[in-house]
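Student: This is the structure I have questions about; it appears just below.
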Amino acid sequence: MARLIRKRETLLFLIIVVMIAIFSTRAADFATPENLAGIFNDTSILIILALAQMTVILTKSIDLSVAANLAFTGMAIAMMNAAYPDLPLVVLILAAIVIGACLGAINGFLVWALEIPPIVVTLGTLTIYRGMAFVLSGGAWVNAHQMTPVFLSVPRTPILGLPVLGWVGIVIVVLMYILLRYTQFGRSAYATGGNPTAAVYAGIDTGWTKFLAFVLSGALAGLASYLWVSRYAVAYVDIANGFELDSVAACVIGGISIAGGVGSVAGTVLGALFLGVIKNALPVIGISPFTQMAISGTVIILAVAFNARRERNRGRIILRDRAAAEIRTEAAA
């Protein structure tokens, strides 16, 4: 039991349960199944973006343009829907995924081929993609009355008490778990971030792995762009502003190491849900938006400190085990 509690995911899950119990004492309906389903539905887009971010971070990189990718792609498909209302929804969704993947491929190419640091590349493309959204739209909004009913209604359609948006989030979680745990790409991503030198000696193309991680991140951002625009029934230049930081925060809180190679899908999902519960609960109990920002920032710093301490302890354990092995070898001699 003690070993189970020491696991990051289990501890984070218990913290979320305690938070829900505490918040429900201030708002009686907070812990109802309907409200919890609503919180998960509201957090589904963040979960998808956090999984996109996790994939990149595992390879010892970072994607600060993920929300800007969402903004440009969301604007593009919203304008496509407004201009060509007869286009099938599946075509628009595939277009969103392809556009997002192409923007991610630009990041991946610059990191892989030109060896520019990922934080520099994605800071630059963050601005570029936001600017592209403005140029594409001329600064104008695409509002609900310009979009088709099918475009808007599908993610909101309830199935077994949960909107399609929430089910899409669940499907993406399952697919990402399978991809990272059971495929060659998943193993390569962990190896690339965990020990790049050893990965190269093992025959892994670390540059190509980073490139694929950025492409996957962009594709997920593209999918999230449709879900965002249809969920909120509006597209404008600044949609999802700041969500790149939320995606990083969800990863860090969930135990994803910024140094790469460490973390799990379950941890990332729980980190996103942690933020989702906080963002839904604090307004209910009367906490001001500025205090909410301070609380969220404090949580992120504590999570980073916890991760750093855990990694130092892991290093000490490895050194201790090596020392013990050397002592046993000397004794046997």
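Ordering of the structure tokens sets the chain letters (A, B, ...); residue numbers start at 1 within each chain; ligands are numbered from 1 in the order shown.
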Find the residues near Asn35 in chain A: any atom within 12 Å, counting only C-alpha atoms, skip ones fewer than 2 places away on the same chain, and give them as a list of chain:residue names.

Tutor: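 Selected residues are A:Ile20, A:Ser24, A:Ala27, A:Ala28, A:Asp29, A:Phe30, A:Ala31, A:Thr32, A:Pro33, A:Ala37, A:Gly38, A:Ile39, A:Phe40, A:Asn41, A:Asp42, A:Gly161, A:Leu162, A:Val277, A:Asn280, A:Ala281.
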
Student: For range 127-144 of chain A, work out the shell of residues within 10 Å, counting only C-alpha atoms and skipping chain neighbours fewer than 5 positions away, then give it as a ChimeraX atom specification.

Tutor: /A:64-76,78-79,81-82,103,122,149,151-152,229-230,232-239,241

Student: In Å, how far is it from CA of Thr55 in chain A to CA of Gly261 in chain A?

Tutor: 9.8 Å

Student: Return as a PyMOL selection string the full set of residues in range 95-283 of chain A whose backbone-based DSSP assignment is alpha helix (DSSP H).

Tutor: chain A and resi 95-112+118-137+149-153+164-182+184-194+196-201+206-232+243-253+265-283

Student: Please run DSSP on the backbone and report, as JSON, numbers by chain, all residues within range 149-201 of chain A that come out as strand (DSSP E or B).

Tutor: {"A": [158, 159, 162, 163]}

Student: Quick one: write out the picked residues with C-alpha atoms as a CSV table (one decimal), in the first residue's frame?

Tutor:
```csv
chain,number,residue,atom,x,y,z
A,158,PRO,CA,-24.2,13.7,-25.7
A,159,ILE,CA,-23.5,10.0,-25.7
A,162,LEU,CA,-20.9,12.7,-21.9
A,163,PRO,CA,-20.6,14.9,-25.0
```

Student: Could you list, as JSON, numbers by chain, every residue within 12 Å of Glu9 in chain A, counting only C-alpha atoms and ignoring same-chain residues fewer than 2 positions away?

Tutor: {"A": [3, 4, 5, 6, 7, 11, 12, 13, 14, 15, 16, 251, 253, 254, 255, 256, 263, 264, 265, 266, 267, 268, 269, 270, 271, 273, 274]}

Student: Keeping only N, CA and C atoms, write the selected residues as a JSON list (two decimals), in the first residue's frame.

Tutor:
```
[["chain", "number", "residue", "atom", "x", "y", "z"],
["A", 3, "ARG", "N", 3.89, 1.54, -1.06],
["A", 3, "ARG", "CA", 4.55, 1.67, -2.36],
["A", 3, "ARG", "C", 3.61, 2.27, -3.39],
["A", 4, "LEU", "N", 2.33, 1.89, -3.33],
["A", 4, "LEU", "CA", 1.34, 2.41, -4.27],
["A", 4, "LEU", "C", 1.14, 3.91, -4.08],
["A", 5, "ILE", "N", 1.10, 4.35, -2.82],
["A", 5, "ILE", "CA", 0.90, 5.77, -2.52],
["A", 5, "ILE", "C", 2.09, 6.59, -2.98],
["A", 6, "ARG", "N", 3.30, 5.98, -2.95],
["A", 6, "ARG", "CA", 4.49, 6.71, -3.36],
["A", 6, "ARG", "C", 4.50, 6.98, -4.87],
["A", 7, "LYS", "N", 3.71, 6.24, -5.63],
["A", 7, "LYS", "CA", 3.66, 6.48, -7.07],
["A", 7, "LYS", "C", 3.04, 7.84, -7.35],
["A", 11, "LEU", "N", -0.71, 9.34, -6.05],
["A", 11, "LEU", "CA", -0.73, 10.48, -5.14],
["A", 11, "LEU", "C", -1.51, 11.64, -5.76],
["A", 12, "LEU", "N", -1.29, 11.89, -7.03],
["A", 12, "LEU", "CA", -2.00, 12.98, -7.71],
["A", 12, "LEU", "C", -3.49, 12.71, -7.78],
["A", 13, "PHE", "N", -3.85, 11.46, -8.04],
["A", 13, "PHE", "CA", -5.27, 11.09, -8.06],
["A", 13, "PHE", "C", -5.92, 11.33, -6.70],
["A", 14, "LEU", "N", -5.22, 10.94, -5.63],
["A", 14, "LEU", "CA", -5.77, 11.16, -4.29],
["A", 14, "LEU", "C", -5.90, 12.65, -3.97],
["A", 15, "ILE", "N", -4.95, 13.45, -4.42],
["A", 15, "ILE", "CA", -5.03, 14.90, -4.21],
["A", 15, "ILE", "C", -6.25, 15.47, -4.92],
["A", 16, "ILE", "N", -6.51, 15.01, -6.15],
["A", 16, "ILE", "CA", -7.67, 15.50, -6.89],
["A", 16, "ILE", "C", -8.96, 15.12, -6.17],
["A", 251, "CYS", "N", 1.83, 18.79, -17.83],
["A", 251, "CYS", "CA", 2.88, 17.78, -17.93],
["A", 251, "CYS", "C", 3.75, 17.76, -16.67],
["A", 253, "ILE", "N", 3.08, 18.93, -13.63],
["A", 253, "ILE", "CA", 2.32, 18.47, -12.47],
["A", 253, "ILE", "C", 2.13, 16.96, -12.53],
["A", 254, "GLY", "N", 1.98, 16.43, -13.74],
["A", 254, "GLY", "CA", 1.78, 14.99, -13.90],
["A", 254, "GLY", "C", 3.05, 14.16, -13.82],
["A", 255, "GLY", "N", 4.20, 14.80, -13.59],
["A", 255, "GLY", "CA", 5.43, 14.06, -13.40],
["A", 255, "GLY", "C", 6.29, 13.90, -14.63],
["A", 256, "ILE", "N", 5.98, 14.63, -15.71],
["A", 256, "ILE", "CA", 6.82, 14.56, -16.90],
["A", 256, "ILE", "C", 8.07, 15.39, -16.65],
["A", 263, "GLY", "N", 8.05, 9.97, -17.65],
["A", 263, "GLY", "CA", 6.67, 10.40, -17.55],
["A", 263, "GLY", "C", 5.72, 9.38, -18.13],
["A", 264, "SER", "N", 4.43, 9.58, -17.88],
["A", 264, "SER", "CA", 3.42, 8.64, -18.36],
["A", 264, "SER", "C", 2.20, 9.38, -18.85],
["A", 265, "VAL", "N", 1.42, 8.71, -19.67],
["A", 265, "VAL", "CA", 0.16, 9.28, -20.16],
["A", 265, "VAL", "C", -0.79, 9.52, -19.00],
["A", 266, "ALA", "N", -0.87, 8.57, -18.07],
["A", 266, "ALA", "CA", -1.76, 8.71, -16.92],
["A", 266, "ALA", "C", -1.41, 9.95, -16.11],
["A", 267, "GLY", "N", -0.12, 10.19, -15.90],
["A", 267, "GLY", "CA", 0.31, 11.36, -15.15],
["A", 267, "GLY", "C", -0.09, 12.65, -15.84],
["A", 268, "THR", "N", 0.08, 12.69, -17.17],
["A", 268, "THR", "CA", -0.28, 13.89, -17.93],
["A", 268, "THR", "C", -1.78, 14.17, -17.84],
["A", 269, "VAL", "N", -2.59, 13.12, -17.99],
["A", 269, "VAL", "CA", -4.04, 13.28, -17.90],
["A", 269, "VAL", "C", -4.44, 13.79, -16.51],
["A", 270, "LEU", "N", -3.85, 13.22, -15.48],
["A", 270, "LEU", "CA", -4.16, 13.66, -14.11],
["A", 270, "LEU", "C", -3.69, 15.09, -13.88],
["A", 271, "GLY", "N", -2.54, 15.46, -14.46],
["A", 271, "GLY", "CA", -2.08, 16.83, -14.33],
["A", 271, "GLY", "C", -3.05, 17.81, -14.97],
["A", 273, "LEU", "N", -6.30, 17.24, -15.45],
["A", 273, "LEU", "CA", -7.51, 17.23, -14.64],
["A", 273, "LEU", "C", -7.33, 18.04, -13.36],
["A", 274, "PHE", "N", -6.13, 17.99, -12.79],
["A", 274, "PHE", "CA", -5.82, 18.81, -11.61],
["A", 274, "PHE", "C", -6.06, 20.28, -11.92]]
```

Student: Nearest residue to Ala224 in chain A out of A:Val168, A:Leu160, A:Ala21, A:Ile119, using only C-alpha atoms?

Tutor: A:Val168

Student: Applying 10 Å and only C-alpha atoms, which residues near Gly260 in chain A remain after dropping the ones on its own chain fewer than 2 positions away? List them as number ranges by chain.

Tutor: A: 54-62, 189-196, 256-258, 262-263

Student: Using only C-alpha atoms, which of A:Thr183, A:Met147, A:Ala249, A:Val171 sits nearest Leu87 in chain A?

Tutor: A:Met147

Student: Quick one: pull the distance between CA of Tyr201 in chain A and CA of Trp112 in chain A, Å, one decimal.

Tutor: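 Separating CA of Tyr201 in chain A from CA of Trp112 in chain A is a distance of 18.0 Å.
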
Student: Which residue, A:Gly207, A:Ala272, A:Val174, A:His145, has the smallest gap to Leu114 in chain A when you use only C-alpha atoms?

Tutor: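 When distances to Leu114 in chain A are compared using only C-alpha atoms, the smallest one comes from A:Gly207.
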
Student: Give me, please, the distance in Å between CA of Lys279 in chain A and CA of Leu227 in chain A, quoted to one decimal.

Tutor: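 CA of Leu227 in chain A lies 19.2 Å from CA of Lys279 in chain A.
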